[in-house]
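As provided, query-v4.txt (compact mmCIF, C-alpha atoms) reads as follows.
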```txt
# COMPACT_ATOMS: atom_id res chain seq x y z
CA MET A 1 -7.86 24.47 -16.36
CA LYS A 2 -8.99 24.74 -12.73
CA THR A 3 -6.79 26.30 -10.08
CA ILE A 4 -5.03 23.63 -8.02
CA LYS A 5 -5.14 23.85 -4.22
CA LYS A 6 -2.42 22.27 -2.09
CA SER A 7 -1.94 21.75 1.64
CA ILE A 8 1.35 21.86 3.50
CA ILE A 9 2.24 21.32 7.14
CA THR A 10 5.00 23.47 8.58
CA ASN A 11 7.14 22.51 11.55
CA LYS A 12 8.77 25.65 12.93
CA ARG A 13 7.91 29.29 13.51
CA THR A 14 9.95 30.29 10.43
CA GLU A 15 11.26 27.97 7.74
CA LEU A 16 11.49 27.40 3.98
CA LEU A 17 9.90 24.22 2.56
CA ASP A 18 10.79 22.98 -0.93
CA ILE A 19 7.67 22.61 -3.15
CA THR A 20 9.43 22.41 -6.53
CA ASN A 21 8.50 18.81 -7.30
CA ILE A 22 4.85 19.43 -6.47
CA ILE A 23 4.67 22.35 -8.90
CA GLN A 24 6.51 20.44 -11.65
CA LYS A 25 4.18 17.45 -11.18
CA GLU A 26 1.13 19.65 -11.78
CA ILE A 27 2.70 21.05 -14.93
CA ASN A 28 3.37 17.49 -16.10
CA ASP A 29 -0.24 16.54 -15.47
CA SER A 30 -1.54 19.64 -17.28
CA LYS A 31 0.05 18.39 -20.54
CA PHE A 32 0.57 22.05 -21.48
CA ASN A 33 3.77 22.70 -23.39
CA ASN A 34 4.48 26.37 -22.79
CA GLY A 35 3.17 29.04 -20.47
CA ILE A 36 3.40 30.56 -17.03
CA VAL A 37 2.43 29.40 -13.58
CA VAL A 38 1.36 31.64 -10.69
CA ILE A 39 1.88 30.24 -7.18
CA PHE A 40 -0.02 32.04 -4.43
CA THR A 41 -0.48 31.48 -0.70
CA PRO A 42 -3.67 32.83 0.92
CA HIS A 43 -1.99 33.53 4.26
CA THR A 44 -0.82 36.92 5.52
CA THR A 45 2.11 35.45 7.47
CA ALA A 46 3.59 33.21 4.75
CA GLY A 47 5.20 33.65 1.32
CA ILE A 48 6.51 31.98 -1.83
CA THR A 49 10.11 32.44 -2.92
CA ILE A 50 12.89 30.96 -5.05
CA ASN A 51 16.32 30.20 -3.65
CA GLU A 52 19.13 27.67 -3.50
CA ASN A 53 18.37 23.95 -3.38
CA ALA A 54 21.89 22.59 -2.83
CA ASP A 55 23.52 23.66 0.45
CA PRO A 56 20.89 23.58 3.22
CA ASP A 57 22.91 26.22 5.07
CA VAL A 58 21.58 28.83 2.65
CA LYS A 59 18.04 28.33 3.94
CA ILE A 60 19.31 28.55 7.50
CA ASP A 61 21.25 31.75 6.78
CA ILE A 62 18.25 33.38 5.05
CA ASP A 63 16.04 32.47 7.99
CA TYR A 64 18.64 33.68 10.50
CA LYS A 65 19.24 37.03 8.82
CA ILE A 66 15.63 37.96 8.11
CA ASN A 67 14.83 37.20 11.75
CA LYS A 68 17.76 39.32 12.86
CA LEU A 69 16.54 42.23 10.73
CA ILE A 70 12.90 41.77 11.72
CA PRO A 71 12.79 40.01 15.10
CA LYS A 72 9.56 38.63 16.53
CA ASN A 73 9.40 41.19 19.29
CA ASP A 74 9.44 44.96 19.19
CA PRO A 75 8.00 46.94 22.12
CA ASN A 76 6.36 49.35 19.68
CA TYR A 77 4.22 46.76 17.89
CA LEU A 78 0.49 47.33 18.44
CA HIS A 79 -0.97 44.13 16.93
CA SER A 80 -1.92 41.89 19.83
CA GLU A 81 -1.25 38.53 18.16
CA GLY A 82 2.52 38.97 18.47
CA ASN A 83 3.18 38.22 14.81
CA SER A 84 3.63 41.66 13.26
CA ASP A 85 7.10 40.56 12.15
CA SER A 86 5.50 37.67 10.21
CA HIS A 87 3.15 40.05 8.37
CA LEU A 88 6.02 42.29 7.28
CA LYS A 89 8.09 39.29 6.14
CA SER A 90 5.12 38.10 4.06
CA SER A 91 4.98 41.42 2.19
CA ILE A 92 8.76 41.50 1.73
CA PHE A 93 9.00 37.95 0.33
CA SER A 94 5.56 38.21 -1.37
CA PRO A 95 2.76 35.64 -1.22
CA SER A 96 2.86 35.29 -5.03
CA ILE A 97 5.41 34.38 -7.71
CA SER A 98 5.12 33.93 -11.48
CA LEU A 99 7.30 31.35 -13.21
CA ILE A 100 7.76 30.22 -16.82
CA PHE A 101 7.57 26.69 -18.22
CA GLU A 102 8.74 25.47 -21.63
CA ASP A 103 8.29 22.00 -23.18
CA ASN A 104 6.25 21.05 -20.10
CA LYS A 105 9.18 21.84 -17.76
CA LEU A 106 9.66 24.69 -15.29
CA ILE A 107 12.42 27.10 -16.24
CA LEU A 108 14.59 27.13 -13.12
CA GLY A 109 18.30 27.49 -12.60
CA VAL A 110 20.15 24.32 -11.69
CA TRP A 111 20.51 25.60 -8.10
CA GLN A 112 16.97 26.96 -7.78
CA ALA A 113 14.07 25.54 -5.78
CA ILE A 114 10.61 26.97 -5.11
CA TYR A 115 10.01 27.45 -1.40
CA PHE A 116 6.91 27.87 0.71
CA CYS A 117 7.97 30.38 3.38
CA GLU A 118 6.51 29.92 6.84
CA PHE A 119 6.80 33.05 8.99
CA ASP A 120 4.41 32.19 11.85
CA GLY A 121 4.24 28.43 12.24
CA PRO A 122 3.99 25.66 12.86
CA ARG A 123 0.63 25.51 11.07
CA HIS A 124 -1.44 23.78 8.42
CA ARG A 125 -1.15 25.98 5.34
CA LYS A 126 -2.49 26.21 1.79
CA TYR A 127 -1.25 27.47 -1.56
CA TYR A 128 -2.72 27.68 -5.04
CA ILE A 129 -1.22 26.85 -8.43
CA LYS A 130 -2.60 28.45 -11.58
CA ILE A 131 -1.19 27.22 -14.89
CA ILE A 132 -1.74 29.43 -17.96
CA SER A 133 -0.94 27.94 -21.37
CA ASP A 134 -0.05 30.25 -24.22
CA MET B 1 5.76 31.96 -28.72
CA LYS B 2 9.02 30.51 -27.37
CA THR B 3 10.60 31.81 -24.20
CA ILE B 4 13.45 34.19 -24.96
CA LYS B 5 16.81 33.70 -23.22
CA LYS B 6 19.19 36.62 -22.70
CA SER B 7 22.75 36.94 -21.42
CA ILE B 8 24.13 39.82 -19.40
CA ILE B 9 27.59 40.55 -18.03
CA THR B 10 27.78 42.26 -14.66
CA ASN B 11 30.71 44.35 -13.49
CA LYS B 12 30.52 44.68 -9.72
CA ARG B 13 29.58 42.58 -6.72
CA THR B 14 26.24 44.40 -6.45
CA GLU B 15 24.67 46.64 -9.07
CA LEU B 16 21.50 47.37 -11.05
CA LEU B 17 21.66 47.08 -14.85
CA ASP B 18 18.95 48.63 -17.06
CA ILE B 19 17.35 46.03 -19.38
CA THR B 20 14.24 48.02 -20.35
CA ASN B 21 15.13 48.46 -24.01
CA ILE B 22 15.88 44.76 -24.41
CA ILE B 23 12.46 43.80 -23.04
CA GLN B 24 10.66 46.40 -25.16
CA LYS B 25 12.52 45.21 -28.28
CA GLU B 26 11.27 41.65 -27.73
CA ILE B 27 7.71 42.90 -27.33
CA ASN B 28 8.11 44.85 -30.59
CA ASP B 29 9.35 41.74 -32.36
CA SER B 30 6.52 39.61 -30.97
CA LYS B 31 3.97 41.80 -32.82
CA PHE B 32 1.54 41.11 -29.98
CA ASN B 33 -0.71 44.03 -29.13
CA ASN B 34 -1.75 43.36 -25.56
CA GLY B 35 -0.70 41.03 -22.78
CA ILE B 36 1.77 40.44 -20.00
CA VAL B 37 5.46 39.66 -19.86
CA VAL B 38 7.21 37.64 -17.15
CA ILE B 39 10.92 38.32 -16.66
CA PHE B 40 12.79 35.69 -14.66
CA THR B 41 16.43 35.16 -13.73
CA PRO B 42 17.57 31.56 -13.03
CA HIS B 43 20.17 32.63 -10.46
CA THR B 44 19.82 32.46 -6.67
CA THR B 45 21.97 35.54 -6.08
CA ALA B 46 20.34 37.93 -8.58
CA GLY B 47 16.94 39.55 -9.09
CA ILE B 48 14.69 41.61 -11.36
CA THR B 49 13.23 44.92 -10.18
CA ILE B 50 11.72 48.20 -11.34
CA ASN B 51 13.05 51.55 -10.23
CA GLU B 52 14.07 55.04 -11.31
CA ASN B 53 15.78 55.61 -14.67
CA ALA B 54 16.59 59.31 -14.35
CA ASP B 55 18.99 60.19 -11.53
CA PRO B 56 21.74 57.52 -11.35
CA ASP B 57 22.14 58.36 -7.65
CA VAL B 58 18.94 56.41 -6.93
CA LYS B 59 20.60 53.15 -8.03
CA ILE B 60 23.63 53.99 -5.91
CA ASP B 61 21.48 54.76 -2.87
CA ILE B 62 19.45 51.54 -3.26
CA ASP B 63 22.66 49.55 -3.55
CA TYR B 64 24.22 51.35 -0.60
CA LYS B 65 21.26 50.91 1.72
CA ILE B 66 20.50 47.25 0.96
CA ASN B 67 24.17 46.48 1.57
CA LYS B 68 24.07 48.40 4.83
CA LEU B 69 21.00 46.44 5.97
CA ILE B 70 22.36 43.11 4.73
CA PRO B 71 26.15 43.33 4.63
CA LYS B 72 28.27 40.66 2.94
CA ASN B 73 29.71 39.39 6.20
CA ASP B 74 28.03 38.15 9.35
CA PRO B 75 29.95 35.87 11.74
CA ASN B 76 26.85 33.70 12.17
CA TYR B 77 26.47 32.75 8.50
CA LEU B 78 27.02 29.01 7.93
CA HIS B 79 27.11 28.88 4.10
CA SER B 80 30.75 28.52 3.10
CA GLU B 81 30.60 30.44 -0.18
CA GLY B 82 30.41 33.79 1.60
CA ASN B 83 27.36 34.99 -0.31
CA SER B 84 24.49 34.34 2.07
CA ASP B 85 23.69 38.05 1.90
CA SER B 86 23.26 37.71 -1.89
CA HIS B 87 20.77 34.85 -1.49
CA LEU B 88 18.63 36.86 0.93
CA LYS B 89 18.71 39.91 -1.35
CA SER B 90 17.54 37.71 -4.24
CA SER B 91 14.47 36.60 -2.28
CA ILE B 92 13.75 40.15 -1.10
CA PHE B 93 13.95 41.71 -4.59
CA SER B 94 12.55 38.54 -6.25
CA PRO B 95 13.97 36.79 -9.34
CA SER B 96 10.67 37.32 -11.19
CA ILE B 97 8.44 40.23 -12.17
CA SER B 98 5.24 40.43 -14.24
CA LEU B 99 4.60 43.50 -16.38
CA ILE B 100 1.77 44.62 -18.67
CA PHE B 101 2.00 45.77 -22.29
CA GLU B 102 -0.65 47.57 -24.34
CA ASP B 103 -0.56 48.48 -28.06
CA ASN B 104 2.78 46.64 -28.27
CA LYS B 105 4.34 48.91 -25.62
CA LEU B 106 5.34 48.17 -22.02
CA ILE B 107 3.26 50.01 -19.45
CA LEU B 108 5.91 51.77 -17.38
CA GLY B 109 5.96 55.07 -15.57
CA VAL B 110 7.97 57.82 -17.20
CA TRP B 111 10.66 57.42 -14.52
CA GLN B 112 10.64 53.60 -14.46
CA ALA B 113 13.26 51.23 -15.82
CA ILE B 114 13.51 47.44 -15.53
CA TYR B 115 16.72 46.40 -13.78
CA PHE B 116 18.67 43.19 -13.61
CA CYS B 117 19.96 43.10 -10.02
CA GLU B 118 23.40 41.60 -9.45
CA PHE B 119 24.01 40.62 -5.83
CA ASP B 120 27.11 38.45 -6.19
CA GLY B 121 29.08 39.54 -9.24
CA PRO B 122 30.81 40.21 -11.39
CA ARG B 123 29.50 37.28 -13.43
CA HIS B 124 27.99 36.14 -16.70
CA ARG B 125 24.26 35.93 -16.04
CA LYS B 126 21.04 34.88 -17.80
CA TYR B 127 17.41 35.89 -17.72
CA TYR B 128 14.27 34.73 -19.51
CA ILE B 129 11.45 36.70 -21.10
CA LYS B 130 8.01 35.13 -21.56
CA ILE B 131 5.45 37.13 -23.50
CA ILE B 132 1.79 36.12 -23.11
CA SER B 133 -0.72 37.65 -25.53
CA ASP B 134 -4.35 37.94 -24.47
CA MET C 1 -9.58 43.14 -22.88
CA LYS C 2 -7.97 46.58 -22.40
CA THR C 3 -5.77 47.34 -19.45
CA ILE C 4 -7.68 49.26 -16.77
CA LYS C 5 -6.15 52.42 -15.29
CA LYS C 6 -7.09 53.61 -11.82
CA SER C 7 -6.33 56.72 -9.79
CA ILE C 8 -5.82 56.86 -6.04
CA ILE C 9 -5.14 59.74 -3.66
CA THR C 10 -2.83 59.04 -0.73
CA ASN C 11 -2.86 60.96 2.52
CA LYS C 12 0.42 60.35 4.31
CA ARG C 13 4.10 59.94 3.48
CA THR C 14 3.82 56.18 3.95
CA GLU C 15 0.62 54.15 4.20
CA LEU C 16 -1.23 51.10 2.88
CA LEU C 17 -4.57 51.67 1.11
CA ASP C 18 -7.00 48.79 0.56
CA ILE C 19 -7.90 48.38 -3.16
CA THR C 20 -9.38 44.85 -2.96
CA ASN C 21 -12.95 45.84 -3.82
CA ILE C 22 -11.80 47.86 -6.83
CA ILE C 23 -9.90 44.88 -8.25
CA GLN C 24 -12.79 42.46 -7.58
CA LYS C 25 -15.24 44.87 -9.24
CA GLU C 26 -13.16 44.89 -12.44
CA ILE C 27 -13.06 41.09 -12.44
CA ASN C 28 -16.84 41.06 -12.03
CA ASP C 29 -17.25 43.44 -14.94
CA SER C 30 -14.89 41.40 -17.15
CA LYS C 31 -17.30 38.42 -16.96
CA PHE C 32 -14.24 36.15 -17.21
CA ASN C 33 -14.54 32.98 -15.16
CA ASN C 34 -10.94 31.93 -14.59
CA GLY C 35 -7.54 33.49 -15.03
CA ILE C 36 -4.96 35.77 -13.50
CA VAL C 37 -4.76 39.49 -12.81
CA VAL C 38 -1.60 41.58 -12.78
CA ILE C 39 -1.73 44.78 -10.72
CA PHE C 40 1.05 47.28 -11.44
CA THR C 41 1.85 50.78 -10.24
CA PRO C 42 3.91 53.03 -12.57
CA HIS C 43 5.59 54.89 -9.69
CA THR C 44 9.11 54.31 -8.39
CA THR C 45 8.19 55.21 -4.81
CA ALA C 46 5.06 53.07 -4.42
CA GLY C 47 4.17 49.37 -4.44
CA ILE C 48 1.41 46.75 -4.43
CA THR C 49 1.19 44.14 -1.67
CA ILE C 50 -1.13 41.70 0.07
CA ASN C 51 -1.61 41.69 3.82
CA GLU C 52 -4.14 41.52 6.64
CA ASN C 53 -7.53 43.22 6.32
CA ALA C 54 -8.86 42.68 9.84
CA ASP C 55 -6.85 44.37 12.59
CA PRO C 56 -5.78 47.85 11.38
CA ASP C 57 -2.81 47.64 13.77
CA VAL C 58 -1.11 45.25 11.32
CA LYS C 59 -0.87 48.01 8.71
CA ILE C 60 0.47 50.40 11.33
CA ASP C 61 3.07 47.86 12.50
CA ILE C 62 4.22 47.11 8.93
CA ASP C 63 4.54 50.81 8.25
CA TYR C 64 6.35 51.42 11.55
CA LYS C 65 8.85 48.60 11.12
CA ILE C 66 9.75 49.20 7.47
CA ASN C 67 10.36 52.86 8.33
CA LYS C 68 12.50 51.83 11.28
CA LEU C 69 14.59 49.55 9.05
CA ILE C 70 14.77 52.07 6.21
CA PRO C 71 14.31 55.56 7.67
CA LYS C 72 13.76 58.59 5.46
CA ASN C 73 17.12 60.09 6.25
CA ASP C 74 20.62 58.69 5.94
CA PRO C 75 23.58 61.08 5.69
CA ASN C 76 25.11 58.88 2.98
CA TYR C 77 22.23 59.18 0.51
CA LEU C 78 23.23 61.01 -2.68
CA HIS C 79 19.82 61.45 -4.36
CA SER C 80 18.80 65.05 -3.82
CA GLU C 81 15.02 64.53 -3.64
CA GLY C 82 15.27 63.06 -0.13
CA ASN C 83 13.24 59.96 -1.00
CA SER C 84 15.89 57.28 -1.52
CA ASP C 85 14.23 55.27 1.23
CA SER C 86 10.98 55.32 -0.78
CA HIS C 87 12.72 53.94 -3.86
CA LEU C 88 14.24 51.04 -1.93
CA LYS C 89 10.88 50.26 -0.28
CA SER C 90 9.28 50.16 -3.74
CA SER C 91 11.75 47.51 -4.91
CA ILE C 92 11.36 45.52 -1.69
CA PHE C 93 7.55 45.46 -1.77
CA SER C 94 7.47 45.39 -5.62
CA PRO C 95 5.32 47.56 -7.88
CA SER C 96 3.66 44.44 -9.35
CA ILE C 97 1.70 41.44 -8.09
CA SER C 98 0.00 38.55 -9.88
CA LEU C 99 -3.17 37.06 -8.43
CA ILE C 100 -5.51 34.22 -9.43
CA PHE C 101 -9.29 34.34 -9.90
CA GLU C 102 -11.70 31.42 -10.18
CA ASP C 103 -15.45 31.50 -10.93
CA ASN C 104 -15.11 35.27 -11.41
CA LYS C 105 -13.79 35.74 -7.84
CA LEU C 106 -10.31 36.62 -6.61
CA ILE C 107 -8.59 33.83 -4.72
CA LEU C 108 -7.64 35.54 -1.46
CA GLY C 109 -7.39 34.29 2.08
CA VAL C 110 -10.18 35.38 4.40
CA TRP C 111 -7.77 37.79 6.12
CA GLN C 112 -6.12 39.09 2.93
CA ALA C 113 -6.55 42.46 1.28
CA ILE C 114 -4.72 43.98 -1.69
CA TYR C 115 -2.94 47.19 -0.71
CA PHE C 116 -1.59 50.12 -2.67
CA CYS C 117 1.61 51.05 -0.80
CA GLU C 118 2.49 54.73 -0.63
CA PHE C 119 6.13 55.35 0.26
CA ASP C 120 6.49 59.04 -0.64
CA GLY C 121 3.13 60.73 -0.31
CA PRO C 122 0.76 62.31 -0.05
CA ARG C 123 0.25 62.26 -3.82
CA HIS C 124 -2.11 61.51 -6.67
CA ARG C 125 -1.15 58.03 -7.85
CA LYS C 126 -2.07 55.54 -10.58
CA TYR C 127 -2.14 51.78 -10.96
CA TYR C 128 -3.04 49.40 -13.77
CA ILE C 129 -5.10 46.21 -13.75
CA LYS C 130 -4.60 43.59 -16.45
CA ILE C 131 -7.00 40.64 -16.48
CA ILE C 132 -5.96 37.54 -18.43
CA SER C 133 -8.60 34.86 -19.03
CA ASP C 134 -7.49 31.28 -19.59
```
For the file at hand, write its structure as structure tokens.
Amino acid sequence: MKTIKKSIITNKRTELLDITNIIQKEINDSKFNNGIVVIFTPHTTAGITINENADPDVKIDIDYKINKLIPKNDPNYLHSEGNSDSHLKSSIFSPSISLIFEDNKLILGVWQAIYFCEFDGPRHRKYYIKIISD
Amino acid sequence: MKTIKKSIITNKRTELLDITNIIQKEINDSKFNNGIVVIFTPHTTAGITINENADPDVKIDIDYKINKLIPKNDPNYLHSEGNSDSHLKSSIFSPSISLIFEDNKLILGVWQAIYFCEFDGPRHRKYYIKIISD
Amino acid sequence: MKTIKKSIITNKRTELLDITNIIQKEINDSKFNNGIVVIFTPHTTAGITINENADPDVKIDIDYKINKLIPKNDPNYLHSEGNSDSHLKSSIFSPSISLIFEDNKLILGVWQAIYFCEFDGPRHRKYYIKIISD
């Protein structure tokens, strides 16, 4: 099965955007029962993560604290684009995650969502979905 | 092969619990020679990582330092459950890891163990093991 | 297909070394069209990540900032080898990453490279490449 390419528009410099339904829809359409799915973003200032889907304050607190730990500005940064913090956040959150599906359904906790992580927006972004059936 | 579901009981608010033997046992039982295994926890305040299995002080130092960087309390957190730090730690360590096995044996360094990471315990927790043969 | 084992020599205590061409070469040689590749390092003080390949200052800034957040020395570390910081960095960056390839070519952004992350060098290091065809 071909790799699926998706577009997403982000709205802030840093934010988490829920892409769970999009991933589940592609698994539905694949008709595969069991396997794994790799989600990957081709950007060096973005990431893919899993976190809570219920209280929106969790996303805000994650965003607040990672920006407090790794603020945008540091007088010692050399990179002229002013987004060195975004690059480090991308490596820390990772641009890739592997998930499991069973009976054509993602295995996720009841409070879990899959998030596209924007660390240097707002921008037009891409991510890829690769579904492997076993 | 069906996804395997495991339970684990944690004992502290934050700790690393060695699950290497449990993963290897499932690979043994699968009878698969070669492939990959995805380990995934369905909790938003836990993770899966790899680190040293020899000196127990390494686990203590990891736990100490991540809690120093991201302490439980911050007056700016909005989330009312008081575990925003745990959510961020989950995204930083990741709830998912992909490993390789060859000749029915996990490829791990001699000092490596697979750890279930508790960031908001003690609790009864779950994780999933998906073995893909090539 | 057998897991591929690679050696790499690192030159500093902490640095990022570009291994993209080595991974792509193994995918070429596999002749597989489509699938995923898991890259894994068996060391507890190293990691695998993806980040920018263009401006070398990005690597320097990532290295600078992660060392500022998690310096080598902390009077509260117990582990006697003096590399507790390296162990934590390994868990934060992860020793494993899963990537996608299509038409025998890695899916990577135009600015992305795959990096071996040294957190306690200089040393002789290893990493493994597992290619799964779908």
Residues of chain A were defined as contacting chain C if any atom lay at most 6 Å from it, counting all atoms listed in the file; please report them as an MDAnalysis selection string. chainID A and resid 42:44 77:79 88 92
Atom CA of C:Tyr127 and atom CA of C:Ile8 are how many Å apart? 8.0 Å
Can you provide chain C as a compact mmCIF listing (two decimals) with C-alpha atoms, in the coordinates of the input, superposed onto chain A by least squares across all C-alpha atoms matched in order?
```txt
# COMPACT_ATOMS: atom_id res chain seq x y z
CA MET C 1 -7.85 24.47 -16.37
CA LYS C 2 -8.98 24.75 -12.72
CA THR C 3 -6.79 26.31 -10.09
CA ILE C 4 -5.03 23.64 -8.02
CA LYS C 5 -5.13 23.86 -4.22
CA LYS C 6 -2.42 22.28 -2.09
CA SER C 7 -1.95 21.75 1.63
CA ILE C 8 1.35 21.87 3.50
CA ILE C 9 2.24 21.32 7.15
CA THR C 10 5.01 23.48 8.58
CA ASN C 11 7.15 22.52 11.54
CA LYS C 12 8.78 25.65 12.92
CA ARG C 13 7.93 29.30 13.50
CA THR C 14 9.95 30.29 10.44
CA GLU C 15 11.27 27.98 7.73
CA LEU C 16 11.49 27.41 3.98
CA LEU C 17 9.90 24.23 2.56
CA ASP C 18 10.79 23.00 -0.93
CA ILE C 19 7.67 22.61 -3.14
CA THR C 20 9.44 22.42 -6.53
CA ASN C 21 8.51 18.81 -7.30
CA ILE C 22 4.86 19.44 -6.46
CA ILE C 23 4.68 22.36 -8.90
CA GLN C 24 6.52 20.44 -11.65
CA LYS C 25 4.19 17.45 -11.17
CA GLU C 26 1.13 19.66 -11.77
CA ILE C 27 2.72 21.06 -14.93
CA ASN C 28 3.38 17.50 -16.09
CA ASP C 29 -0.22 16.54 -15.45
CA SER C 30 -1.54 19.63 -17.27
CA LYS C 31 0.07 18.39 -20.53
CA PHE C 32 0.57 22.05 -21.48
CA ASN C 33 3.77 22.69 -23.39
CA ASN C 34 4.46 26.37 -22.79
CA GLY C 35 3.16 29.05 -20.49
CA ILE C 36 3.39 30.55 -17.04
CA VAL C 37 2.44 29.40 -13.56
CA VAL C 38 1.35 31.64 -10.69
CA ILE C 39 1.88 30.24 -7.19
CA PHE C 40 -0.03 32.04 -4.43
CA THR C 41 -0.47 31.48 -0.71
CA PRO C 42 -3.68 32.83 0.92
CA HIS C 43 -1.98 33.52 4.26
CA THR C 44 -0.82 36.91 5.54
CA THR C 45 2.11 35.44 7.47
CA ALA C 46 3.59 33.22 4.76
CA GLY C 47 5.19 33.66 1.33
CA ILE C 48 6.51 31.98 -1.82
CA THR C 49 10.12 32.44 -2.93
CA ILE C 50 12.89 30.97 -5.06
CA ASN C 51 16.32 30.21 -3.66
CA GLU C 52 19.13 27.67 -3.50
CA ASN C 53 18.38 23.94 -3.38
CA ALA C 54 21.89 22.59 -2.82
CA ASP C 55 23.52 23.66 0.44
CA PRO C 56 20.88 23.57 3.23
CA ASP C 57 22.91 26.22 5.08
CA VAL C 58 21.57 28.83 2.64
CA LYS C 59 18.04 28.32 3.95
CA ILE C 60 19.30 28.54 7.51
CA ASP C 61 21.23 31.75 6.77
CA ILE C 62 18.23 33.38 5.05
CA ASP C 63 16.04 32.46 7.98
CA TYR C 64 18.63 33.67 10.50
CA LYS C 65 19.24 37.01 8.82
CA ILE C 66 15.62 37.95 8.10
CA ASN C 67 14.82 37.19 11.75
CA LYS C 68 17.76 39.30 12.86
CA LEU C 69 16.55 42.22 10.73
CA ILE C 70 12.91 41.76 11.72
CA PRO C 71 12.79 40.01 15.11
CA LYS C 72 9.56 38.63 16.54
CA ASN C 73 9.40 41.19 19.29
CA ASP C 74 9.45 44.98 19.20
CA PRO C 75 8.00 46.94 22.12
CA ASN C 76 6.36 49.35 19.67
CA TYR C 77 4.21 46.76 17.89
CA LEU C 78 0.48 47.33 18.44
CA HIS C 79 -0.97 44.13 16.93
CA SER C 80 -1.92 41.89 19.82
CA GLU C 81 -1.25 38.52 18.15
CA GLY C 82 2.52 38.97 18.47
CA ASN C 83 3.18 38.21 14.80
CA SER C 84 3.64 41.66 13.25
CA ASP C 85 7.10 40.57 12.14
CA SER C 86 5.50 37.68 10.22
CA HIS C 87 3.16 40.03 8.37
CA LEU C 88 6.01 42.29 7.27
CA LYS C 89 8.08 39.28 6.14
CA SER C 90 5.12 38.11 4.06
CA SER C 91 4.99 41.43 2.20
CA ILE C 92 8.76 41.48 1.74
CA PHE C 93 9.00 37.94 0.34
CA SER C 94 5.55 38.21 -1.36
CA PRO C 95 2.76 35.64 -1.23
CA SER C 96 2.86 35.29 -5.04
CA ILE C 97 5.41 34.38 -7.71
CA SER C 98 5.13 33.93 -11.47
CA LEU C 99 7.30 31.36 -13.21
CA ILE C 100 7.76 30.23 -16.83
CA PHE C 101 7.57 26.70 -18.23
CA GLU C 102 8.72 25.47 -21.63
CA ASP C 103 8.29 22.00 -23.18
CA ASN C 104 6.25 21.06 -20.10
CA LYS C 105 9.18 21.84 -17.75
CA LEU C 106 9.66 24.68 -15.29
CA ILE C 107 12.42 27.10 -16.25
CA LEU C 108 14.58 27.13 -13.12
CA GLY C 109 18.28 27.50 -12.60
CA VAL C 110 20.13 24.32 -11.68
CA TRP C 111 20.50 25.60 -8.11
CA GLN C 112 16.94 26.96 -7.78
CA ALA C 113 14.07 25.54 -5.79
CA ILE C 114 10.61 26.97 -5.12
CA TYR C 115 10.01 27.45 -1.40
CA PHE C 116 6.91 27.87 0.71
CA CYS C 117 7.97 30.38 3.38
CA GLU C 118 6.52 29.93 6.85
CA PHE C 119 6.79 33.04 9.00
CA ASP C 120 4.40 32.19 11.85
CA GLY C 121 4.24 28.43 12.24
CA PRO C 122 3.99 25.65 12.86
CA ARG C 123 0.63 25.51 11.06
CA HIS C 124 -1.45 23.79 8.42
CA ARG C 125 -1.13 25.99 5.34
CA LYS C 126 -2.49 26.21 1.79
CA TYR C 127 -1.25 27.47 -1.55
CA TYR C 128 -2.72 27.68 -5.04
CA ILE C 129 -1.21 26.85 -8.42
CA LYS C 130 -2.59 28.44 -11.58
CA ILE C 131 -1.20 27.21 -14.90
CA ILE C 132 -1.74 29.42 -17.96
CA SER C 133 -0.96 27.92 -21.38
CA ASP C 134 -0.04 30.24 -24.23
```
Within 10 Å of (-8.6, 52.0, 2.6) (coordinates as in the file), grab all the protein and nucleic acid residues, counting all atoms listed in the file, and write them out as a tab-separated table (two decimals) with C-alpha atoms, in the frame of the given file.
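And here's point_31.tsv as it stands now:
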```
chain	number	residue	atom	x	y	z
C	10	THR	CA	-2.83	59.04	-0.73
C	15	GLU	CA	0.62	54.15	4.20
C	16	LEU	CA	-1.23	51.10	2.88
C	17	LEU	CA	-4.57	51.67	1.11
C	18	ASP	CA	-7.00	48.79	0.56
C	19	ILE	CA	-7.90	48.38	-3.16
C	20	THR	CA	-9.38	44.85	-2.96
C	21	ASN	CA	-12.95	45.84	-3.82
C	53	ASN	CA	-7.53	43.22	6.32
C	113	ALA	CA	-6.55	42.46	1.28
C	114	ILE	CA	-4.72	43.98	-1.69
C	115	TYR	CA	-2.94	47.19	-0.71
C	116	PHE	CA	-1.59	50.12	-2.67
```
To one decimal in Å, tell me the separation between atom CA of B:Ile129 and atom CA of B:Asn28. 12.9 Å
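In this structure, atom CA of B:Ile27 sits 6.3 Å away from atom CA of B:Asn104.
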Hey, can I get the axis-aligned box for stretch 46-50 of chain C? All listed atoms, 6 Å padding on each side, centre and edge lengths in Å to one decimal, as lines of an AutoDock Vina configuration file.
```
center_x = 2.0
center_y = 47.4
center_z = -2.2
size_x = 18.2
size_y = 23.4
size_z = 16.5
```
Between A:Lys126, A:Lys72, A:Lys12, A:Lys2, which is the closest to A:Ser30 once you count only C-alpha atoms? A:Lys2
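Candidate residues B:Gln24, B:Thr41, B:Ser96, B:Ser90 were compared for distance to B:Tyr128, and the nearest is B:Thr41, using all atoms listed in the file.
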